[in-house]
Every structure is written in C-alpha cells, then in structure tokens.
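my_file-v1.cif, holding mmCIF, C-alpha atoms and all ligand atoms:
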data_final
loop_
_atom_site.label_atom_id
_atom_site.label_comp_id
_atom_site.auth_asym_id
_atom_site.auth_seq_id
_atom_site.Cartn_x
_atom_site.Cartn_y
_atom_site.Cartn_z
CA MET A 1 35.45 78.12 -74.02
CA ALA A 2 38.75 76.93 -75.34
CA VAL A 3 40.77 74.71 -73.07
CA GLN A 4 44.50 74.39 -73.17
CA GLU A 5 45.68 70.86 -73.61
CA VAL A 6 49.00 70.38 -71.88
CA ALA A 7 49.80 66.75 -72.45
CA THR A 8 48.38 63.52 -73.71
CA SER A 9 49.37 60.18 -72.37
CA ALA A 10 50.98 57.53 -74.52
CA GLN A 11 49.10 54.68 -72.92
CA SER A 12 49.33 51.10 -74.04
CA SER A 13 46.34 49.85 -76.01
CA HIS A 14 44.61 48.21 -73.00
CA ARG A 15 44.56 51.47 -71.03
CA PRO A 16 42.08 54.25 -71.82
CA GLN A 17 43.49 57.46 -73.23
CA ILE A 18 44.04 60.01 -70.48
CA THR A 19 44.39 63.66 -71.45
CA LEU A 20 45.57 66.50 -69.25
CA ARG A 21 44.50 70.13 -69.51
CA HIS A 22 44.39 73.25 -67.40
CA ALA A 23 41.21 73.48 -65.33
CA THR A 24 38.65 76.18 -66.02
CA PRO A 25 35.90 77.38 -63.67
CA ALA A 26 33.54 75.05 -65.58
CA ASP A 27 35.51 72.14 -64.07
CA ALA A 28 34.85 73.26 -60.50
CA PRO A 29 31.82 70.96 -59.92
CA SER A 30 33.74 67.89 -61.12
CA ILE A 31 36.84 68.74 -59.12
CA SER A 32 34.78 69.47 -56.03
CA GLN A 33 32.94 66.14 -56.27
CA ILE A 34 36.10 64.13 -56.91
CA GLY A 35 37.85 65.89 -54.05
CA ILE A 36 35.00 65.23 -51.61
CA TYR A 37 34.55 61.59 -52.63
CA THR A 38 38.25 60.70 -52.83
CA PHE A 39 39.19 62.51 -49.63
CA THR A 40 36.35 60.80 -47.75
CA GLN A 41 37.30 57.37 -49.11
CA THR A 42 40.99 57.83 -48.34
CA PHE A 43 41.02 59.77 -45.08
CA GLY A 44 37.44 59.79 -43.75
CA HIS A 45 38.04 56.92 -41.34
CA SER A 46 40.87 58.78 -39.62
CA MET A 47 38.83 61.71 -38.24
CA SER A 48 35.48 62.57 -36.72
CA ALA A 49 32.49 63.19 -38.98
CA HIS A 50 32.46 66.79 -37.76
CA ASP A 51 36.12 67.40 -38.65
CA LEU A 52 35.65 65.69 -42.00
CA GLN A 53 32.66 67.85 -42.88
CA ALA A 54 34.45 71.02 -41.81
CA TYR A 55 37.49 70.18 -43.94
CA LEU A 56 35.42 69.26 -47.00
CA SER A 57 33.43 72.48 -46.73
CA SER A 58 36.53 74.65 -46.42
CA SER A 59 38.66 72.89 -49.05
CA TYR A 60 36.31 71.29 -51.59
CA SER A 61 33.24 73.49 -51.75
CA LEU A 62 32.42 74.88 -55.18
CA GLU A 63 33.50 78.29 -53.96
CA ALA A 64 36.87 77.09 -52.62
CA THR A 65 37.52 75.05 -55.75
CA THR A 66 36.70 77.93 -58.09
CA LYS A 67 38.98 80.16 -56.04
CA ASP A 68 41.83 77.64 -56.41
CA ILE A 69 41.30 77.46 -60.20
CA LEU A 70 41.41 81.25 -60.53
CA ASP A 71 44.28 81.83 -58.06
CA LEU A 72 47.27 83.32 -59.89
CA ASN A 73 49.62 81.58 -57.44
CA LYS A 74 48.25 78.18 -58.40
CA ASN A 75 47.97 75.91 -61.42
CA MET A 76 45.15 73.36 -61.44
CA LEU A 77 45.31 70.54 -63.97
CA VAL A 78 42.61 67.98 -64.68
CA ALA A 79 43.01 64.49 -66.10
CA THR A 80 40.17 63.47 -68.38
CA LEU A 81 38.87 60.47 -70.27
CA PRO A 82 36.66 60.62 -73.37
CA ALA A 83 33.04 60.50 -72.16
CA LEU A 84 32.19 57.28 -73.98
CA SER A 85 35.17 55.30 -72.73
CA GLN A 86 34.10 55.12 -69.11
CA PRO A 87 30.37 54.65 -68.55
CA GLN A 88 30.86 54.27 -64.76
CA ALA A 89 32.94 57.38 -64.32
CA SER A 90 30.63 59.20 -61.94
CA PRO A 91 32.62 60.84 -59.14
CA SER A 92 29.66 60.43 -56.85
CA SER A 93 29.24 57.35 -54.72
CA SER A 94 26.19 56.20 -56.67
CA PRO A 95 26.51 52.88 -58.51
CA PRO A 96 27.20 52.79 -62.27
CA SER A 97 24.09 53.28 -64.35
CA HIS A 98 23.26 52.42 -67.94
CA HIS A 99 20.84 55.35 -67.95
CA PRO A 100 22.90 58.34 -66.88
CA PRO A 101 21.02 61.55 -66.07
CA SER A 102 20.74 64.03 -68.89
CA HIS A 103 22.89 66.52 -67.01
CA HIS A 104 25.97 64.85 -65.63
CA PRO A 105 28.03 67.20 -63.43
CA ASP A 106 31.21 65.68 -64.80
CA GLU A 107 30.55 66.55 -68.41
CA SER A 108 32.07 69.68 -69.83
CA LYS A 109 29.75 71.18 -72.44
CA ASP A 110 32.73 72.31 -74.49
CA THR A 111 34.99 69.30 -74.48
CA GLU A 112 32.72 66.33 -73.75
CA ASP A 113 35.49 64.82 -71.71
CA VAL A 114 35.04 63.53 -68.19
CA VAL A 115 37.27 64.66 -65.37
CA VAL A 116 38.71 61.72 -63.42
CA GLY A 117 41.42 63.48 -61.40
CA PHE A 118 43.12 66.76 -60.65
CA ALA A 119 46.36 68.17 -59.31
CA LEU A 120 47.22 71.54 -57.80
CA LEU A 121 50.56 73.32 -57.94
CA THR A 122 51.00 76.16 -55.43
CA ARG A 123 53.61 78.90 -55.27
CA GLY A 124 54.53 80.85 -52.15
CA THR A 125 53.74 78.33 -49.40
CA THR A 126 56.26 78.00 -46.61
CA GLU A 127 57.30 75.00 -44.59
CA PRO A 128 59.64 75.41 -41.58
CA CYS A 129 61.26 72.00 -42.16
CA LEU A 130 62.45 73.20 -45.56
CA SER A 131 64.24 76.30 -44.26
CA THR A 132 67.58 75.02 -45.59
CA TYR A 133 66.26 75.50 -49.14
CA ALA A 134 66.16 78.94 -50.70
CA GLN A 135 62.47 79.89 -50.56
CA ASP A 136 62.24 80.95 -54.20
CA THR A 137 63.48 77.54 -55.37
CA LEU A 138 60.58 75.66 -53.73
CA ILE A 139 57.10 74.96 -55.05
CA GLU A 140 54.39 72.78 -53.54
CA LEU A 141 52.51 69.90 -55.10
CA GLN A 142 49.50 70.72 -52.95
CA ARG A 143 46.97 68.18 -54.22
CA LEU A 144 46.96 65.04 -56.33
CA TYR A 145 43.62 63.25 -56.49
CA VAL A 146 42.28 60.60 -58.84
CA HIS A 147 38.78 59.21 -58.44
CA PRO A 148 39.07 55.68 -56.97
CA HIS A 149 37.19 54.19 -59.96
CA HIS A 150 40.16 55.23 -62.08
CA HIS A 151 43.16 54.39 -59.92
CA GLY A 152 45.98 52.49 -61.55
CA LEU A 153 45.42 53.90 -65.05
CA GLY A 154 48.40 56.25 -64.87
CA ALA A 155 46.44 59.46 -64.33
CA GLY A 156 48.17 60.27 -61.02
CA THR A 157 51.63 59.80 -62.48
CA LEU A 158 50.79 61.88 -65.56
CA LEU A 159 49.36 64.72 -63.46
CA ALA A 160 52.38 64.80 -61.15
CA ARG A 161 54.86 64.71 -64.02
CA GLU A 162 53.08 67.52 -65.83
CA LEU A 163 53.07 69.70 -62.71
CA GLU A 164 56.81 69.03 -62.39
CA SER A 165 57.30 70.14 -65.97
CA ILE A 166 55.29 73.34 -65.37
CA ALA A 167 57.28 74.04 -62.19
CA ARG A 168 60.55 73.54 -64.06
CA GLN A 169 59.42 75.97 -66.78
CA GLN A 170 58.61 78.50 -64.05
CA GLY A 171 62.20 78.25 -62.79
CA PHE A 172 61.65 76.27 -59.60
CA LYS A 173 64.28 73.76 -58.50
CA TYR A 174 62.45 71.63 -55.92
CA MET A 175 58.92 70.29 -55.60
CA TRP A 176 57.71 69.52 -52.08
CA LEU A 177 54.62 67.93 -50.63
CA GLY A 178 53.16 66.46 -47.46
CA VAL A 179 51.78 62.92 -47.43
CA TRP A 180 50.01 61.30 -44.47
CA GLU A 181 52.24 58.73 -42.75
CA GLU A 182 49.51 56.08 -43.21
CA ASN A 183 48.89 56.80 -46.90
CA LEU A 184 51.11 53.99 -48.15
CA LYS A 185 49.68 53.95 -51.66
CA ALA A 186 50.46 57.61 -52.32
CA GLN A 187 53.90 57.19 -50.70
CA ARG A 188 54.67 54.41 -53.23
CA VAL A 189 53.56 56.60 -56.12
CA TYR A 190 55.76 59.50 -54.94
CA GLU A 191 58.72 57.20 -54.33
CA LYS A 192 58.45 55.92 -57.91
CA LEU A 193 58.35 59.51 -59.10
CA GLY A 194 61.63 60.22 -57.28
CA TYR A 195 60.51 62.05 -54.14
CA ARG A 196 62.46 61.47 -50.91
CA ARG A 197 61.51 62.03 -47.30
CA VAL A 198 63.23 65.01 -45.67
CA GLY A 199 61.17 65.38 -42.48
CA ASP A 200 57.72 65.31 -40.92
CA HIS A 201 55.16 67.90 -39.93
CA ASN A 202 51.88 67.99 -38.04
CA PHE A 203 48.69 68.29 -40.03
CA VAL A 204 45.95 69.66 -37.79
CA MET A 205 42.39 68.79 -38.70
CA GLY A 206 39.95 69.98 -36.04
CA ASP A 207 40.72 67.91 -32.95
CA GLU A 208 43.00 65.56 -34.87
CA VAL A 209 46.75 65.99 -35.21
CA GLN A 210 48.16 63.74 -37.90
CA THR A 211 51.74 63.27 -39.00
CA ASP A 212 52.60 64.01 -42.61
CA TRP A 213 55.85 63.02 -44.22
CA LEU A 214 57.52 65.88 -46.05
CA LEU A 215 58.82 64.78 -49.41
CA VAL A 216 61.05 66.71 -51.82
CA LYS A 217 62.11 66.10 -55.40
CA GLU A 218 64.80 67.95 -57.27
CA LEU A 219 63.27 69.08 -60.56
C1 LIG B 1 47.86 58.65 -55.14
C2 LIG B 1 46.99 58.65 -56.39
C3 LIG B 1 46.82 60.08 -56.87
C4 LIG B 1 47.67 57.82 -57.49
O1 LIG B 1 46.87 57.96 -58.65
P1 LIG B 1 46.77 56.79 -59.75
O2 LIG B 1 46.20 57.40 -60.96
O3 LIG B 1 46.09 55.62 -59.18
O4 LIG B 1 48.31 56.46 -59.95
P2 LIG B 1 48.95 55.71 -61.20
O5 LIG B 1 47.92 54.96 -61.96
O6 LIG B 1 49.78 56.70 -61.92
O7 LIG B 1 49.85 54.65 -60.45
C5 LIG B 1 51.10 54.94 -59.97
C6 LIG B 1 51.65 53.69 -59.35
O8 LIG B 1 50.82 53.35 -58.24
C7 LIG B 1 50.53 51.94 -58.23
N1 LIG B 1 49.09 51.77 -58.33
C8 LIG B 1 48.17 52.74 -58.18
N2 LIG B 1 46.94 52.23 -58.24
C9 LIG B 1 47.06 50.93 -58.45
C10 LIG B 1 46.12 49.88 -58.61
N3 LIG B 1 44.79 50.09 -58.52
N4 LIG B 1 46.57 48.65 -58.82
C11 LIG B 1 47.90 48.45 -58.89
N5 LIG B 1 48.83 49.40 -58.74
C12 LIG B 1 48.42 50.62 -58.52
C13 LIG B 1 51.31 51.35 -59.32
O9 LIG B 1 52.50 50.89 -58.73
C14 LIG B 1 51.62 52.49 -60.25
O10 LIG B 1 52.88 52.34 -60.82
P3 LIG B 1 53.06 51.77 -62.32
O11 LIG B 1 53.17 52.99 -63.17
O12 LIG B 1 54.35 51.02 -62.24
O13 LIG B 1 51.89 50.93 -62.67
C15 LIG B 1 45.61 58.02 -56.11
O14 LIG B 1 45.82 56.76 -55.51
C16 LIG B 1 44.72 58.85 -55.23
O15 LIG B 1 44.04 59.74 -55.69
N6 LIG B 1 44.69 58.52 -53.93
C17 LIG B 1 43.78 59.16 -52.99
C18 LIG B 1 44.18 60.62 -52.71
C19 LIG B 1 45.60 60.70 -52.25
O16 LIG B 1 46.03 59.93 -51.40
N7 LIG B 1 46.32 61.68 -52.80
C20 LIG B 1 47.67 61.95 -52.41
C21 LIG B 1 47.63 62.84 -51.21
S1 LIG B 1 49.26 63.26 -50.70
#

Output the file's structure as structure tokens, nothing else.
Ligand SMILES: CC(C)(COP(=O)(O)OP(=O)(O)OC[C@H]1O[C@@H](n2cnc3c(N)ncnc32)[C@H](O)[C@@H]1OP(=O)(O)O)[C@@H](O)C(=O)NCCC(=O)NCCS
Amino acid sequence: MAVQEVATSAQSSHRPQITLRHATPADAPSISQIGIYTFTQTFGHSMSAHDLQAYLSSSYSLEATTKDILDLNKNMLVATLPALSQPQASPSSSPPSHHPPSHHPDESKDTEDVVVGFALLTRGTTEPCLSTYAQDTLIELQRLYVHPHHHGLGAGTLLARELESIARQQGFKYMWLGVWEENLKAQRVYEKLGYRRVGDHNFVMGDEVQTDWLLVKEL
C-alpha cells in the first residue's frame, strides 16, 4: 500500500532521520502500543489501575485506533525512523534485544520504517472555554505522543508543526489543545511552539478529576 509522505526532517547529522507520513490502518498496532506505553509512563501514576485500564481500552485499543485513522474528521500522522537506525525501538516495555522477533509489530511490511510517535488532528470538537472564538476557526491537536525511547529527537516538534500546516491548509485559524497541569515537559514543548494558555478545564478519568490547561495557537 502506498503511503503519503508529508514531510521529512532536516536533522543535524547526529540526529537520526525522522520522516512523517499519514497513518494507514496497517499502523494501528504500532500506534496502539506506543499510545498504551507512553500514556502509562506519563500519566499512569496519577490514577487508579482500574481507571488507567479503562482509559487505555477505550482510547488505545486496536479497534479505537483504527477508527481514529479512518475517521474523516481526523488526520493521524506517524513519525518514523528507518528500521536499521534504531535497534531498540520497540514500543513495548521489553528491554532492547539483539535478536528481535521475526515479526515485529512496529514494522510496516510496505515501508520498512518503524513508527516512533503519532499525532492526531481533530475537527468538530467543542470546548466551552473557547466560546469567544468562532467555532469554524478552531481545530484540536488531540494527541501528540512520542515513544519515551525517542524523546528529544525532534519528532514531537515535527509532528505538531506538520499538523499545524495541515490545519492551515484546511482553512483553520486556531489550534487548541488540553495539557495536564502537571505535564511540565509537554507544556515546555507547546510553549516553544507558540501556544499560550487561555483557560483550564476538568479532565474526568473514572473517579479522577484532573485539571488540564487549555492552550491556543494562532495558525
Ligand atoms: C511531549 C512530547 C510529544 C515531545 O516529544 P519529543 O519528540 O520528545 O519533543 P522534541 O524532541 O521535539 O523536543 C521538543 C523540546 O522539548 C525538550 N525536550 C524533549 N525531550 C527532551 C530530552 N529528552 N532531553 C532534553 N530536552 C528535551 C527540548 O527543549 C526540545 O526543544 P529543542 O528543539 O530546543 O531541543 C513527548 O515528550 C511525549 O510524547 N510525552 C508523553 C506524552 C505527552 O505528554 N503528550 C502530550 C500530551 S498533551
């Protein structure tokens, strides 16, 4: 299956080459695994095991991920590295191995790249705090996840910038997102990208009510 390449990073020589492309259903297993692992690493400590499991099942199951990829109101991008450039790129929590299994869930048969992160752009979501903006000017950066083994390589920034470019091409004027008040790392990344805090909202996860900062960027 042909994949549409949307951008290639211009990394310095000491950084591996990250490529972005639109996700296909064949990427669902990789995205699901990265989502489960990265969400658990980042937010797992802040909720009960029961709430965590319920959220992972509803948001990062294969079925939910495939649905997101195929949803006409969404655009899912993946960031990839060439398979040979990152022998410890497994999105699972297992340690790096010099003898990888013959079928690695991260490997796309068609591209032989390895997915290390993904980002999801979503049209049509509403947020009461943003009622001063005309609804048809707003679009949501719903997810931005890079596997922890690959943080700091620029994949997150590239994914976010490419989603902004897609949103601009689609005629939107503002990108918005919610980021957990304790997620300082992501807040720094968004600040560098030019997002500013315009309010807060509650993020309900089972019995937990967490506070998310609402950030907006003019595109
Ligand atoms: C937020 C996230 C997507 C950023 O992805 P990333 O690929 O690590 O980000 P980048 O490599 O583009 O780094 C962006 C900036 O973050 C900082 N940074 C990120 N990881 C770093 C690391 N390991 N060491 C040093 N700086 C780091 C740097 O300041 C960098 O800026 P620079 O371009 O000046 O170097 C990633 O940390 C992540 O997936 N976190 C867990 C899930 C999450 O919180 N998602 C956001 C939910 S709202």

Quick one: residues within 7 Å of ligand LIG 1 (chain B), with all atoms listed in the file, as a list in words?
Thr38, Phe39, Thr42, Arg143, Leu144, Tyr145, Val146, His147, Pro148, His150, His151, Gly152, Leu153, Gly154, Ala155, Gly156, Thr157, Leu158, Gly178, Val179, Trp180, Asn183, Lys185, Ala186, Arg188 and Val189 of chain A

Dump as a CSV table (one decimal), in the frame of the given file, selection limited to C-alpha atoms:
chain,number,residue,atom,x,y,z
A,38,THR,CA,38.2,60.7,-52.8
A,39,PHE,CA,39.2,62.5,-49.6
A,42,THR,CA,41.0,57.8,-48.3
A,143,ARG,CA,47.0,68.2,-54.2
A,144,LEU,CA,47.0,65.0,-56.3
A,145,TYR,CA,43.6,63.2,-56.5
A,146,VAL,CA,42.3,60.6,-58.8
A,147,HIS,CA,38.8,59.2,-58.4
A,148,PRO,CA,39.1,55.7,-57.0
A,150,HIS,CA,40.2,55.2,-62.1
A,151,HIS,CA,43.2,54.4,-59.9
A,152,GLY,CA,46.0,52.5,-61.6
A,153,LEU,CA,45.4,53.9,-65.0
A,154,GLY,CA,48.4,56.2,-64.9
A,155,ALA,CA,46.4,59.5,-64.3
A,156,GLY,CA,48.2,60.3,-61.0
A,157,THR,CA,51.6,59.8,-62.5
A,158,LEU,CA,50.8,61.9,-65.6
A,178,GLY,CA,53.2,66.5,-47.5
A,179,VAL,CA,51.8,62.9,-47.4
A,180,TRP,CA,50.0,61.3,-44.5
A,183,ASN,CA,48.9,56.8,-46.9
A,185,LYS,CA,49.7,54.0,-51.7
A,186,ALA,CA,50.5,57.6,-52.3
A,188,ARG,CA,54.7,54.4,-53.2
A,189,VAL,CA,53.6,56.6,-56.1

Can you list, as JSON, numbers by chain, every protein, DNA or RNA residue that comes within 12 Å of segment 195-201 of chain A when you count only C-alpha atoms, leaving out same-chain residues fewer than 2 positions away?
{"A": [127, 128, 129, 130, 131, 132, 133, 141, 160, 161, 164, 174, 175, 176, 177, 178, 179, 180, 181, 186, 187, 188, 189, 190, 191, 192, 193, 203, 204, 209, 210, 211, 212, 213, 214, 215, 216, 217, 218, 219]}

Atoms to include: C-alpha atoms. Write the selected residues as a short mmCIF file (atom, residue, chain, number, x, y, z; two decimals), in the coordinates of the input.
data_model
loop_
_atom_site.label_atom_id
_atom_site.label_comp_id
_atom_site.auth_asym_id
_atom_site.auth_seq_id
_atom_site.Cartn_x
_atom_site.Cartn_y
_atom_site.Cartn_z
CA GLU A 127 57.30 75.00 -44.59
CA PRO A 128 59.64 75.41 -41.58
CA CYS A 129 61.26 72.00 -42.16
CA LEU A 130 62.45 73.20 -45.56
CA SER A 131 64.24 76.30 -44.26
CA THR A 132 67.58 75.02 -45.59
CA TYR A 133 66.26 75.50 -49.14
CA LEU A 141 52.51 69.90 -55.10
CA ALA A 160 52.38 64.80 -61.15
CA ARG A 161 54.86 64.71 -64.02
CA GLU A 164 56.81 69.03 -62.39
CA TYR A 174 62.45 71.63 -55.92
CA MET A 175 58.92 70.29 -55.60
CA TRP A 176 57.71 69.52 -52.08
CA LEU A 177 54.62 67.93 -50.63
CA GLY A 178 53.16 66.46 -47.46
CA VAL A 179 51.78 62.92 -47.43
CA TRP A 180 50.01 61.30 -44.47
CA GLU A 181 52.24 58.73 -42.75
CA ALA A 186 50.46 57.61 -52.32
CA GLN A 187 53.90 57.19 -50.70
CA ARG A 188 54.67 54.41 -53.23
CA VAL A 189 53.56 56.60 -56.12
CA TYR A 190 55.76 59.50 -54.94
CA GLU A 191 58.72 57.20 -54.33
CA LYS A 192 58.45 55.92 -57.91
CA LEU A 193 58.35 59.51 -59.10
CA PHE A 203 48.69 68.29 -40.03
CA VAL A 204 45.95 69.66 -37.79
CA VAL A 209 46.75 65.99 -35.21
CA GLN A 210 48.16 63.74 -37.90
CA THR A 211 51.74 63.27 -39.00
CA ASP A 212 52.60 64.01 -42.61
CA TRP A 213 55.85 63.02 -44.22
CA LEU A 214 57.52 65.88 -46.05
CA LEU A 215 58.82 64.78 -49.41
CA VAL A 216 61.05 66.71 -51.82
CA LYS A 217 62.11 66.10 -55.40
CA GLU A 218 64.80 67.95 -57.27
CA LEU A 219 63.27 69.08 -60.56
#

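Computed from the coordinates, the atom CA of Ala26 of chain A to atom CA of Gln170 of chain A distance equals 25.4 Å.
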
Please indicate the distance in Å from atom CA of Ser30 of chain A to atom CA of Val114 of chain A, rounded to one decimal place.
8.4 Å

Can you write out as a tab-separated table which residues of segment 23-54 of chain A fall within 7 Å of segment 64-70 of chain A, alongside each residue's closest atom pair and its distance in Å to one decimal, counting only C-alpha atoms and ordering rows by chain and ascending residue number?
residue	atom	partner	partner_atom	distance
A:Ala23	CA	A:Ile69	CA	6.5
A:Thr24	CA	A:Ile69	CA	6.5
A:Pro25	CA	A:Thr66	CA	5.7
A:Ala28	CA	A:Thr66	CA	5.6
A:Ser32	CA	A:Thr65	CA	6.2

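Note that the spacing between atom CA of Leu121 of chain A and atom CA of Asn73 of chain A amounts to 8.3 Å.
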
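Residue nearest Glu140 of chain A within the list A:Asn202, A:Ser61, A:Thr80, A:Asn75: A:Asn75 [criterion: smallest interatomic distance, all atoms listed in the file].
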
Using all atoms listed in the file, the best pick from A:Tyr55, A:Tyr37, A:Phe172, A:Phe43 as closest to Gly117 of chain A would be A:Tyr37

Can you work out which one of A:Gly44, A:Leu184, A:Arg123, A:Leu62 has the shortest atom-to-atom distance to Thr137 of chain A, counting all atoms listed in the file?
A:Arg123

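The closest residue to Val78 of chain A, picked from A:Ile139, A:Gln17, A:Val116, A:Leu52 and counting only C-alpha atoms, is A:Val116.
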